[in-house]
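Shown next: target-v4.cif, given as mmCIF, C-alpha atoms (C1' of nucleotides).
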```
data_coords
#
loop_
_atom_site.label_atom_id
_atom_site.label_comp_id
_atom_site.auth_asym_id
_atom_site.auth_seq_id
_atom_site.Cartn_x
_atom_site.Cartn_y
_atom_site.Cartn_z
CA MET C 1 45.40 183.19 171.54
CA ASN C 2 47.14 184.74 174.52
CA TYR C 3 48.40 188.24 173.90
CA ASN C 4 48.85 189.16 177.56
CA ALA C 5 52.64 189.00 177.53
CA LEU C 6 52.86 191.24 174.47
CA LYS C 7 50.32 193.67 175.90
CA GLN C 8 52.14 193.90 179.20
CA HIS C 9 55.45 194.39 177.41
CA ILE C 10 54.04 197.26 175.36
CA LYS C 11 52.50 198.88 178.43
CA ASN C 12 55.90 198.73 180.12
CA ASN C 13 57.28 200.88 177.33
CA ILE C 14 54.55 203.41 176.52
CA GLN C 15 51.16 204.66 177.60
CA ILE C 16 48.52 203.18 175.35
CA SER C 17 44.76 202.59 175.19
CA ASN C 18 43.31 199.09 175.32
CA GLU C 19 41.78 199.66 171.93
CA ASP C 20 45.15 200.40 170.35
CA LEU C 21 46.68 197.44 172.16
CA ASN C 22 44.06 195.16 170.66
CA THR C 23 44.60 196.60 167.21
CA ILE C 24 48.32 195.97 167.45
CA CYS C 25 47.87 192.43 168.72
CA SER C 26 45.43 191.59 165.95
CA TYR C 27 48.31 191.77 163.47
CA PHE C 28 50.38 189.14 165.28
CA LYS C 29 50.05 185.43 164.66
CA SER C 30 51.56 182.82 166.89
CA LYS C 31 53.96 180.18 165.67
CA SER C 32 55.75 177.25 167.25
CA ILE C 33 59.38 176.69 166.44
CA LYS C 34 61.13 173.45 167.25
CA LYS C 35 64.49 173.31 168.97
CA LYS C 36 67.37 173.92 166.55
CA ASP C 37 65.05 175.25 163.80
CA PHE C 38 65.76 178.64 162.24
CA LEU C 39 63.41 181.60 161.96
CA LEU C 40 65.99 183.31 159.73
CA THR C 41 69.18 182.23 158.01
CA GLN C 42 72.00 184.38 156.71
CA GLY C 43 71.50 185.35 153.05
CA SER C 44 67.71 185.31 153.08
CA ILE C 45 65.47 188.35 153.43
CA TYR C 46 63.75 188.82 156.74
CA LYS C 47 59.97 188.90 156.33
CA TYR C 48 58.77 188.85 159.94
CA GLU C 49 59.41 190.48 163.24
CA GLY C 50 58.80 188.31 166.26
CA PHE C 51 58.04 188.59 169.95
CA VAL C 52 59.08 185.62 172.09
CA LEU C 53 56.24 184.15 174.16
CA ASP C 54 58.18 181.17 175.38
CA GLY C 55 61.49 179.48 174.76
CA CYS C 56 64.84 180.92 173.80
CA PHE C 57 66.63 182.02 170.64
CA ARG C 58 70.15 182.83 169.61
CA ILE C 59 70.83 185.59 167.08
CA PHE C 60 74.25 185.20 165.46
CA THR C 61 76.34 185.81 162.35
CA ILE C 62 79.05 183.73 160.77
CA ASP C 63 82.04 185.76 159.55
CA LYS C 64 84.44 185.03 156.69
CA LYS C 65 86.73 183.03 158.96
CA GLY C 66 83.77 180.80 159.83
CA ASN C 67 83.47 181.99 163.42
CA GLU C 68 80.04 182.23 165.00
CA ASN C 69 79.41 185.55 166.61
CA THR C 70 76.40 185.83 168.89
CA LEU C 71 74.71 189.24 168.91
CA TYR C 72 72.24 188.37 171.63
CA PHE C 73 69.95 185.78 173.13
CA ALA C 74 66.20 186.30 173.14
CA ALA C 75 64.07 184.62 175.79
CA LYS C 76 60.49 185.37 176.94
CA ASP C 77 59.49 189.01 176.24
CA TRP C 78 62.36 189.74 173.87
CA TRP C 79 62.05 190.71 170.23
CA LEU C 80 63.44 188.86 167.25
CA MET C 81 64.40 191.20 164.49
CA ASP C 82 66.92 191.94 161.83
CA ILE C 83 66.30 195.65 161.50
CA ASP C 84 68.64 196.03 158.55
CA SER C 85 67.13 193.26 156.44
CA PHE C 86 63.57 194.15 157.45
CA MET C 87 63.92 197.90 156.75
CA ASN C 88 65.89 197.71 153.55
CA GLN C 89 64.81 194.34 152.18
CA THR C 90 68.42 193.29 151.82
CA PRO C 91 69.73 189.77 152.45
CA SER C 92 70.26 189.22 156.14
CA ASN C 93 73.60 188.84 157.86
CA LEU C 94 71.92 187.13 160.79
CA ASN C 95 70.77 183.69 161.83
CA ILE C 96 67.96 183.31 164.34
CA GLN C 97 67.82 179.84 165.82
CA ALA C 98 65.61 178.33 168.54
CA LEU C 99 67.65 176.86 171.39
CA GLU C 100 64.61 175.00 172.68
CA ASP C 101 61.03 174.42 171.56
CA SER C 102 59.65 177.94 171.39
CA GLU C 103 56.54 179.99 170.80
CA VAL C 104 56.59 183.38 169.08
CA LEU C 105 54.17 186.03 167.85
CA LEU C 106 55.00 187.11 164.30
CA ILE C 107 54.06 190.15 162.26
CA ASN C 108 54.89 190.38 158.58
CA ARG C 109 56.52 193.33 156.89
CA ALA C 110 53.46 194.71 155.10
CA ASP C 111 51.40 194.57 158.28
CA LYS C 112 54.14 196.22 160.28
CA ILE C 113 54.31 199.08 157.78
CA ALA C 114 50.53 199.37 157.83
CA LEU C 115 50.62 199.50 161.62
CA TYR C 116 53.23 202.26 161.61
CA GLU C 117 51.04 204.26 159.26
CA SER C 118 47.69 203.73 160.91
CA LEU C 119 48.80 203.96 164.55
CA PRO C 120 51.34 206.66 165.43
CA VAL C 121 51.71 205.12 168.88
CA VAL C 122 53.49 202.20 167.22
CA GLU C 123 56.16 204.58 165.98
CA LYS C 124 56.57 205.75 169.55
CA LEU C 125 56.73 202.18 170.85
CA PHE C 126 59.55 201.21 168.53
CA ARG C 127 61.27 204.56 169.00
CA VAL C 128 61.36 204.02 172.75
CA MET C 129 62.39 200.37 172.48
CA SER C 130 65.13 201.18 169.95
CA GLN C 131 66.53 203.94 172.12
CA LYS C 132 66.63 201.66 175.14
CA ALA C 133 68.34 199.00 173.05
CA LEU C 134 70.86 201.55 171.80
CA VAL C 135 71.87 202.43 175.34
CA ALA C 136 72.31 198.73 176.11
CA TRP C 137 74.51 198.20 173.04
CA GLN C 138 76.64 201.21 173.90
CA ARG C 139 77.16 199.87 177.41
CA ARG C 140 78.04 196.44 176.09
CA LEU C 141 80.67 197.85 173.75
CA ILE C 142 82.20 199.85 176.60
CA ARG C 143 82.29 196.73 178.74
CA ASN C 144 84.06 194.94 175.92
CA HIS C 145 86.67 197.66 175.89
CA CYS C 146 87.37 198.07 179.57
CA GLU C 147 86.59 194.71 181.18
CA THR C 148 88.45 191.42 180.95
CA ALA C 149 86.75 188.30 179.59
CA LYS C 150 86.36 187.03 183.14
CA GLU C 151 84.58 190.19 184.27
CA ARG C 152 82.33 190.10 181.21
CA TYR C 153 81.48 186.46 181.86
CA HIS C 154 80.43 187.16 185.43
CA HIS C 155 78.48 190.23 184.41
CA PHE C 156 76.57 188.19 181.85
CA SER C 157 75.76 185.26 184.13
CA ASN C 158 74.75 187.61 186.94
CA THR C 159 72.58 189.78 184.71
CA TYR C 160 70.85 186.92 182.85
CA PRO C 161 71.08 183.92 185.18
CA ASN C 162 67.95 182.26 183.77
CA ILE C 163 69.15 182.58 180.18
CA ALA C 164 72.69 181.49 181.05
CA LEU C 165 71.32 178.20 182.37
CA LYS C 166 69.87 177.33 178.98
CA LEU C 167 73.10 177.92 177.12
CA THR C 168 76.14 175.87 176.35
CA ASP C 169 79.54 177.33 177.17
CA LYS C 170 80.24 177.51 173.46
CA GLN C 171 77.24 179.79 172.97
CA ILE C 172 78.20 181.99 175.91
CA ALA C 173 81.77 182.26 174.61
CA SER C 174 80.53 183.36 171.19
CA TYR C 175 78.47 186.07 172.91
CA LEU C 176 81.42 187.26 174.99
CA GLY C 177 83.73 187.25 171.97
CA ILE C 178 86.18 184.68 173.30
CA THR C 179 86.99 181.05 172.47
CA HIS C 180 85.18 178.32 174.35
CA GLU C 181 88.53 176.91 175.46
CA PHE C 182 89.32 180.17 177.20
CA LEU C 183 85.89 180.31 178.84
CA SER C 184 86.57 176.85 180.20
CA LYS C 185 89.79 178.12 181.77
CA ILE C 186 88.00 181.16 183.21
CA LYS C 187 85.40 178.96 184.87
CA LYS C 188 88.07 176.72 186.37
CA GLN C 189 89.82 179.54 188.20
CA GLY C 190 86.45 180.88 189.45
CA MET D 1 69.68 231.05 161.04
CA ASN D 2 70.57 228.29 158.63
CA TYR D 3 68.52 225.16 159.06
CA ASN D 4 69.34 223.68 155.67
CA ALA D 5 71.69 220.99 156.97
CA LEU D 6 69.15 219.81 159.54
CA LYS D 7 66.34 219.87 157.01
CA GLN D 8 68.33 217.88 154.50
CA HIS D 9 69.35 215.39 157.19
CA ILE D 10 65.72 214.85 158.19
CA LYS D 11 64.63 214.43 154.57
CA ASN D 12 67.32 211.78 154.15
CA ASN D 13 65.63 209.76 156.87
CA ILE D 14 61.90 210.22 156.34
CA GLN D 15 59.31 211.73 154.02
CA ILE D 16 58.10 215.00 155.46
CA SER D 17 56.27 218.16 154.46
CA ASN D 18 58.03 221.52 154.38
CA GLU D 19 55.58 222.79 156.96
CA ASP D 20 56.50 220.06 159.43
CA LEU D 21 60.17 220.63 158.69
CA ASN D 22 59.81 224.29 159.57
CA THR D 23 57.93 223.47 162.75
CA ILE D 24 60.67 221.10 163.86
CA CYS D 25 63.42 223.59 163.06
CA SER D 26 61.68 226.36 164.96
CA TYR D 27 62.42 224.49 168.19
CA PHE D 28 66.17 224.42 167.60
CA LYS D 29 68.49 227.22 168.66
CA SER D 30 72.04 227.49 167.47
CA LYS D 31 75.00 227.67 169.80
CA SER D 32 78.73 228.05 169.36
CA ILE D 33 81.03 225.86 171.39
CA LYS D 34 84.71 226.61 171.70
CA LYS D 35 87.35 223.96 171.24
CA LYS D 36 87.78 221.80 174.38
CA ASP D 37 84.55 223.07 175.94
CA PHE D 38 81.99 220.55 177.14
CA LEU D 39 78.33 220.35 176.15
CA LEU D 40 77.88 217.68 178.82
CA THR D 41 80.00 216.32 181.64
CA GLN D 42 79.64 213.03 183.47
CA GLY D 43 77.43 213.31 186.55
CA SER D 44 75.23 216.11 185.28
CA ILE D 45 71.80 215.70 183.76
CA TYR D 46 71.52 216.15 180.02
CA LYS D 47 69.09 218.92 179.13
CA TYR D 48 69.59 219.28 175.39
CA GLU D 49 69.87 217.22 172.27
CA GLY D 50 72.10 218.63 169.61
CA PHE D 51 72.67 218.44 165.86
CA VAL D 52 76.16 219.33 164.68
CA LEU D 53 76.25 222.06 162.03
CA ASP D 54 79.99 222.42 161.99
CA GLY D 55 83.00 221.20 163.91
CA CYS D 56 83.60 217.95 165.70
CA PHE D 57 82.82 216.39 169.06
CA ARG D 58 83.97 213.44 171.08
CA ILE D 59 81.53 211.49 173.23
CA PHE D 60 83.29 209.49 175.93
CA THR D 61 83.06 208.02 179.42
CA ILE D 62 85.67 207.67 182.12
CA ASP D 63 85.55 204.31 183.92
CA LYS D 64 86.54 203.48 187.51
CA LYS D 65 90.12 202.78 186.47
CA GLY D 66 90.30 206.29 184.99
CA ASN D 67 90.44 205.17 181.38
CA GLU D 68 88.75 207.28 178.75
CA ASN D 69 86.47 205.30 176.51
CA THR D 70 85.24 206.98 173.36
CA LEU D 71 81.75 205.95 172.26
CA TYR D 72 81.82 207.92 169.05
CA PHE D 73 82.86 211.08 167.28
CA ALA D 74 80.24 213.49 165.94
CA ALA D 75 81.09 215.75 163.03
CA LYS D 76 78.79 217.71 160.68
CA ASP D 77 75.30 216.14 160.43
CA TRP D 78 75.67 213.91 163.47
CA TRP D 79 73.57 214.06 166.62
CA LEU D 80 74.77 214.73 170.12
CA MET D 81 72.71 212.91 172.67
CA ASP D 82 72.79 210.96 175.86
CA ILE D 83 69.59 209.01 175.39
CA ASP D 84 69.72 207.49 178.85
CA SER D 85 70.15 210.75 180.74
CA PHE D 86 67.72 212.62 178.48
CA MET D 87 64.93 209.98 178.68
CA ASN D 88 65.19 209.16 182.35
CA GLN D 89 66.56 212.40 183.79
CA THR D 90 69.37 210.50 185.46
CA PRO D 91 72.94 211.78 185.85
CA SER D 92 74.87 211.19 182.68
CA ASN D 93 77.71 208.74 182.24
CA LEU D 94 78.93 210.64 179.21
CA ASN D 95 81.12 213.59 178.39
CA ILE D 96 80.57 215.52 175.17
CA GLN D 97 83.52 217.69 174.28
CA ALA D 98 84.21 219.89 171.26
CA LEU D 99 87.46 218.94 169.49
CA GLU D 100 87.44 222.20 167.56
CA ASP D 101 85.38 225.38 167.51
CA SER D 102 81.91 224.09 166.66
CA GLU D 103 78.37 225.13 165.89
CA VAL D 104 75.34 223.10 166.98
CA LEU D 105 71.56 223.31 166.94
CA LEU D 106 70.08 222.53 170.35
CA ILE D 107 66.62 221.53 171.47
CA ASN D 108 65.73 221.32 175.15
CA ARG D 109 63.97 218.42 176.81
CA ALA D 110 60.55 220.05 177.26
CA ASP D 111 60.49 221.18 173.63
CA LYS D 112 61.55 217.75 172.42
CA ILE D 113 58.74 216.11 174.36
CA ALA D 114 56.29 218.71 173.03
CA LEU D 115 57.50 217.98 169.51
CA TYR D 116 57.02 214.23 169.95
CA GLU D 117 53.48 214.88 171.12
CA SER D 118 52.44 217.44 168.55
CA LEU D 119 54.12 215.93 165.50
CA PRO D 120 53.94 212.14 165.10
CA VAL D 121 56.41 212.36 162.24
CA VAL D 122 59.07 213.24 164.84
CA GLU D 123 58.50 209.88 166.50
CA LYS D 124 59.06 208.27 163.13
CA LEU D 125 62.20 210.32 162.52
CA PHE D 126 63.81 209.24 165.76
CA ARG D 127 62.53 205.68 165.39
CA VAL D 128 64.23 205.41 162.00
CA MET D 129 67.43 207.09 163.15
CA SER D 130 67.62 204.95 166.29
CA GLN D 131 67.14 201.76 164.32
CA LYS D 132 69.88 202.73 161.88
CA ALA D 133 72.16 203.55 164.79
CA LEU D 134 71.35 200.20 166.40
CA VAL D 135 72.49 198.34 163.29
CA ALA D 136 75.72 200.34 163.30
CA TRP D 137 76.39 199.55 166.97
CA GLN D 138 75.74 195.86 166.41
CA ARG D 139 78.20 195.83 163.54
CA ARG D 140 80.80 197.65 165.57
CA LEU D 141 80.54 195.14 168.39
CA ILE D 142 80.92 192.27 165.94
CA ARG D 143 83.98 193.94 164.47
CA ASN D 144 85.40 194.26 167.94
CA HIS D 145 84.94 190.55 168.42
CA CYS D 146 86.28 189.21 165.16
CA GLU D 147 88.84 191.76 163.94
CA THR D 148 92.28 192.61 165.27
CA ALA D 149 93.11 196.13 166.47
CA LYS D 150 94.99 196.70 163.22
CA GLU D 151 91.98 195.74 161.09
CA ARG D 152 89.70 197.92 163.21
CA TYR D 153 92.08 200.86 162.88
CA HIS D 154 92.14 200.61 159.10
CA HIS D 155 88.39 200.16 158.93
CA PHE D 156 87.92 203.31 160.99
CA SER D 157 90.33 205.48 159.06
CA ASN D 158 88.95 204.25 155.74
CA THR D 159 85.32 204.75 156.78
CA TYR D 160 85.78 208.18 158.36
CA PRO D 161 88.88 209.66 156.73
CA ASN D 162 87.79 213.26 157.26
CA ILE D 163 87.06 212.72 160.95
CA ALA D 164 90.26 210.71 161.47
CA LEU D 165 92.27 213.70 160.28
CA LYS D 166 90.94 215.87 163.10
CA LEU D 167 91.81 213.38 165.82
CA THR D 168 94.88 212.64 167.86
CA ASP D 169 96.09 209.06 168.01
CA LYS D 170 95.13 208.97 171.66
CA GLN D 171 91.53 209.74 170.77
CA ILE D 172 91.46 207.13 168.02
CA ALA D 173 92.96 204.54 170.36
CA SER D 174 90.28 205.22 172.97
CA TYR D 175 87.64 204.68 170.27
CA LEU D 176 89.21 201.41 169.14
CA GLY D 177 89.59 200.18 172.70
CA ILE D 178 93.38 199.91 172.68
CA THR D 179 96.25 201.83 174.26
CA HIS D 180 97.79 204.70 172.32
CA GLU D 181 101.18 203.00 172.61
CA PHE D 182 99.87 199.99 170.76
CA LEU D 183 98.25 202.17 168.09
CA SER D 184 101.63 203.78 167.56
CA LYS D 185 103.14 200.34 166.96
CA ILE D 186 100.32 199.39 164.57
CA LYS D 187 100.93 202.53 162.51
CA LYS D 188 104.66 201.83 162.35
CA GLN D 189 104.26 198.39 160.80
CA GLY D 190 101.69 199.78 158.31
"C1'" DT W 1 72.00 150.07 173.62
"C1'" DT W 2 75.60 151.23 171.33
"C1'" DA W 3 77.79 154.21 168.16
"C1'" DT W 4 78.39 158.86 167.32
"C1'" DA W 5 78.36 163.60 167.32
"C1'" DG W 6 78.80 167.52 170.05
"C1'" DA W 7 80.22 169.81 174.52
"C1'" DG W 8 83.66 170.61 177.82
"C1'" DT W 9 88.76 170.21 179.68
"C1'" DT W 10 93.54 170.61 179.71
"C1'" DG W 11 98.35 171.71 178.28
"C1'" DA W 12 102.00 173.77 175.47
"C1'" DA W 13 103.35 177.07 172.23
"C1'" DC W 14 102.07 181.15 170.33
"C1'" DT W 15 100.04 185.97 169.22
"C1'" DT W 16 98.01 190.08 170.51
"C1'" DG W 17 97.86 193.71 173.27
"C1'" DT W 18 99.35 196.09 177.98
"C1'" DT W 19 102.29 198.38 181.21
"C1'" DC W 20 105.83 201.20 182.54
"C1'" DA W 21 109.48 204.07 181.74
"C1'" DA W 22 112.40 206.97 179.11
"C1'" DC W 23 112.66 209.62 175.37
"C1'" DT W 24 111.41 212.93 171.32
"C1'" DA W 25 108.30 215.84 168.88
"C1'" DT W 26 104.64 219.15 168.75
"C1'" DT W 27 101.26 222.38 170.56
"C1'" DT W 28 99.66 225.69 173.73
"C1'" DT W 29 100.01 229.24 176.84
"C1'" DC W 30 101.79 233.19 179.00
"C1'" DG A 1 109.50 233.29 171.94
"C1'" DA A 2 110.42 230.53 176.03
"C1'" DA A 3 108.31 227.41 179.18
"C1'" DA A 4 105.14 224.02 180.02
"C1'" DA A 5 102.04 220.82 178.86
"C1'" DT A 6 100.48 217.32 175.80
"C1'" DA A 7 101.09 213.94 171.92
"C1'" DG A 8 103.66 210.37 169.89
"C1'" DT A 9 107.64 206.66 169.81
"C1'" DT A 10 110.21 202.90 171.30
"C1'" DG A 11 111.78 198.86 174.02
"C1'" DA A 12 111.54 195.27 177.44
"C1'" DA A 13 108.88 192.53 180.45
"C1'" DC A 14 104.45 190.98 181.13
"C1'" DA A 15 99.37 189.51 180.89
"C1'" DA A 16 95.39 188.16 178.32
"C1'" DG A 17 93.58 185.41 175.04
"C1'" DT A 18 94.23 181.98 170.87
"C1'" DT A 19 95.37 177.83 168.52
"C1'" DC A 20 95.82 173.16 168.04
"C1'" DA A 21 95.70 168.70 169.56
"C1'" DA A 22 94.43 165.10 172.57
"C1'" DC A 23 91.41 163.73 175.71
"C1'" DT A 24 86.86 162.98 178.55
"C1'" DC A 25 82.21 163.46 179.20
"C1'" DT A 26 77.54 163.85 178.07
"C1'" DA A 27 73.31 163.65 174.95
"C1'" DT A 28 70.92 161.58 171.50
"C1'" DA A 29 69.54 159.19 167.36
"C1'" DA A 30 69.47 154.68 164.85
#
```

Hey, can you dump this file as structure tokens for me?
Amino acid sequence: MNYNALKQHIKNNIQISNEDLNTICSYFKSKSIKKKDFLLTQGSIYKYEGFVLDGCFRIFTIDKKGNENTLYFAAKDWWLMDIDSFMNQTPSNLNIQALEDSEVLLINRADKIALYESLPVVEKLFRVMSQKALVAWQRRLIRNHCETAKERYHHFSNTYPNIALKLTDKQIASYLGITHEFLSKIKKQG
Amino acid sequence: MNYNALKQHIKNNIQISNEDLNTICSYFKSKSIKKKDFLLTQGSIYKYEGFVLDGCFRIFTIDKKGNENTLYFAAKDWWLMDIDSFMNQTPSNLNIQALEDSEVLLINRADKIALYESLPVVEKLFRVMSQKALVAWQRRLIRNHCETAKERYHHFSNTYPNIALKLTDKQIASYLGITHEFLSKIKKQG
DNA sequence: TTATAGAGTTGAACTTGTTCAACTATTTTC
DNA sequence: GAAAATAGTTGAACAAGTTCAACTCTATAA
């Protein structure tokens, strides 16, 4: 099994020995997920955390009005998690769906907890990753407040051009928080 | 000095020995901040992380158009941080201002790093807190996408009634991402 | 290969929220 | 306690984004 992508990703976040890297990787098992299949559906309890080796996922919720709301897209080197459901063992509010045939590395809850306890560096890894993610979420909320839909659309397709190519306009619209009809009008006027 | 609030806050997040609690607290020094004074201003580098003992703060950015954008309010038992500036030693995008005479516990960057290194439980503490915060930010973004300004206003004032009381409508509007004129109209119609 | 479902487009009417300006409280400061 | 600054209100005109409906254009499964 090829853990290089995961190892490199971890090394980009923290300093870590090869021995610890190998220990961490030994807990992950790879899994293939077919296009349109779900790793998690709303209402169930999340049992795994995943690292994307290849492919692309969409993480979204469906609100009371029936609208799909995309939290984020996860391509190569991104994590798949529902922190809330995983931490508290409560039913998830999220759906995680493969947008194309994909390959992930999964770790189950018990193993993750064991890893946290046996290797303090894993706490650091997820502390650092969570803090980086927090900053990104704060920036995204600010952008939602002070930029128009058009500006947000261009920011997204400039920042993630490779991901944007894999997505339908409907999916992009649900990420930006606008209707797909309006996105269509935005694209028309440039 | 009274570290009880900080100790209790930490115990609410993780399991920890009294000895470790005392070690952590020993790094924090208390400071009074007068109403309207800043703990951090945009452009400077953030040197401290703070825990609010008493009072209330507003954390906001000013964008190119000159609009104030409030990330969050921090009352008793909340943290004051600019993760980005603190982690990377880059100039901050944030302003942290006291809304009333306040009391905080501060830890400087070198001490925080020393704490992370000497006490693994501190990594866990901030990992857990960051993950909880992440969930909250995700939910807030979703609410921004699928709720109207009126719904968001009521959600805010119901969730944080004690904080809402200390705020001007202008400050609440900048948190909700709307103009204060529009908030005034929302309040009129109930 | 054709039926069919889903994705994208367009227009008209509508709703939500903004802008600007003038005005009225309410605090703050000296 | 008066003057000045700041906070909140209101209205009218406007801009941004939604809704619904009708249509076209792909993919794709039987």

Inset, instruction - Extract, using all atoms listed in the file, all DNA, RNA and protein residues at most 6 Å from stretch 56-58 of chain D, discarding same-chain residues fewer than 3 positions from it, and format them as a PyMOL selection string. - result: chain D and resi 73-75+96-99

Legend entry - All residues 9 Å or closer to D:Asp84, only C-alpha atoms (C1' of nucleotides), same chain fewer than 4 positions away omitted, as JSON, numbers by chain: {"C": [131, 132, 135], "D": [46, 88, 89, 90, 91, 92, 93]}

Inset, instruction - Determine the residue set returned by the PyMOL selection byres ((chain A and resi 3) around 10) for the present structure, and present it as a list in words. - result: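 Here the PyMOL selection byres ((chain A and resi 3) around 10) matches DT29 and DC30 of chain W; DG1, DA2, DA4 and DA5 of chain A.
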
Inset, instruction - Just need the residues of chain C within 10 Å of chain D, counting all atoms listed in the file, so spit them out as a PyMOL selection string. - result: chain C and resi 60-61+63-65+67-72+82-84+87+116-117+119-146+174-178

Inset, instruction - May I have the residues of chain A within 12 Å of chain C, counting all atoms listed in the file, written as a PyMOL selection string? - result: chain A and resi 15-20

Return the neighbours of chain W among the residues of chain C, cut-off 12 Å, counting only C-alpha atoms (C1' of nucleotides), as a short mmCIF file (atom, residue, chain, number, x, y, z; two decimals) with C-alpha atoms, in the coordinates of the input.
```cif
data_model
loop_
_atom_site.label_atom_id
_atom_site.label_comp_id
_atom_site.auth_asym_id
_atom_site.auth_seq_id
_atom_site.Cartn_x
_atom_site.Cartn_y
_atom_site.Cartn_z
CA LEU C 167 73.10 177.92 177.12
CA THR C 168 76.14 175.87 176.35
CA ASP C 169 79.54 177.33 177.17
CA LYS C 170 80.24 177.51 173.46
CA GLN C 171 77.24 179.79 172.97
CA HIS C 180 85.18 178.32 174.35
CA GLU C 181 88.53 176.91 175.46
CA PHE C 182 89.32 180.17 177.20
CA LEU C 183 85.89 180.31 178.84
CA SER C 184 86.57 176.85 180.20
CA LYS C 185 89.79 178.12 181.77
CA ILE C 186 88.00 181.16 183.21
CA LYS C 187 85.40 178.96 184.87
CA LYS C 188 88.07 176.72 186.37
#
```

Any chance you could resolve the PyMOL selection byres ((chain D and resi 162) around 12) against this file and give the residues as a PDB file with C-alpha atoms, keeping the file's coordinate frame?
```pdb
ATOM      1  CA  GLY D  55      83.000 221.200 163.910  1.00  0.00           C
ATOM      2  CA  CYS D  56      83.600 217.950 165.700  1.00  0.00           C
ATOM      3  CA  PHE D  73      82.860 211.080 167.280  1.00  0.00           C
ATOM      4  CA  ALA D  74      80.240 213.490 165.940  1.00  0.00           C
ATOM      5  CA  ALA D  75      81.090 215.750 163.030  1.00  0.00           C
ATOM      6  CA  LYS D  76      78.790 217.710 160.680  1.00  0.00           C
ATOM      7  CA  PHE D 156      87.920 203.310 160.990  1.00  0.00           C
ATOM      8  CA  SER D 157      90.330 205.480 159.060  1.00  0.00           C
ATOM      9  CA  ASN D 158      88.950 204.250 155.740  1.00  0.00           C
ATOM     10  CA  THR D 159      85.320 204.750 156.780  1.00  0.00           C
ATOM     11  CA  TYR D 160      85.780 208.180 158.360  1.00  0.00           C
ATOM     12  CA  PRO D 161      88.880 209.660 156.730  1.00  0.00           C
ATOM     13  CA  ILE D 163      87.060 212.720 160.950  1.00  0.00           C
ATOM     14  CA  ALA D 164      90.260 210.710 161.470  1.00  0.00           C
ATOM     15  CA  LEU D 165      92.270 213.700 160.280  1.00  0.00           C
ATOM     16  CA  LYS D 166      90.940 215.870 163.100  1.00  0.00           C
ATOM     17  CA  LEU D 167      91.810 213.380 165.820  1.00  0.00           C
TER      18      LEU D 167
END
```

Legend entry - Straight-line distance linking atom CA of C:Leu94 with atom CA of C:Met81, stated in Å to one decimal: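 Value for the atom CA of C:Leu94-atom CA of C:Met81 distance: 9.3 Å.
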
Legend entry - atom CA of D:His155 to atom CA of C:Gly43, straight-line distance in Å: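 The value is 23.2 Å.
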
Inset, instruction - Just give me the gap between atom CA of D:Leu39 and atom CA of D:Leu80 in Å, one decimal is fine. - result: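 Separation of atom CA of D:Leu39 and atom CA of D:Leu80: 9.0 Å.
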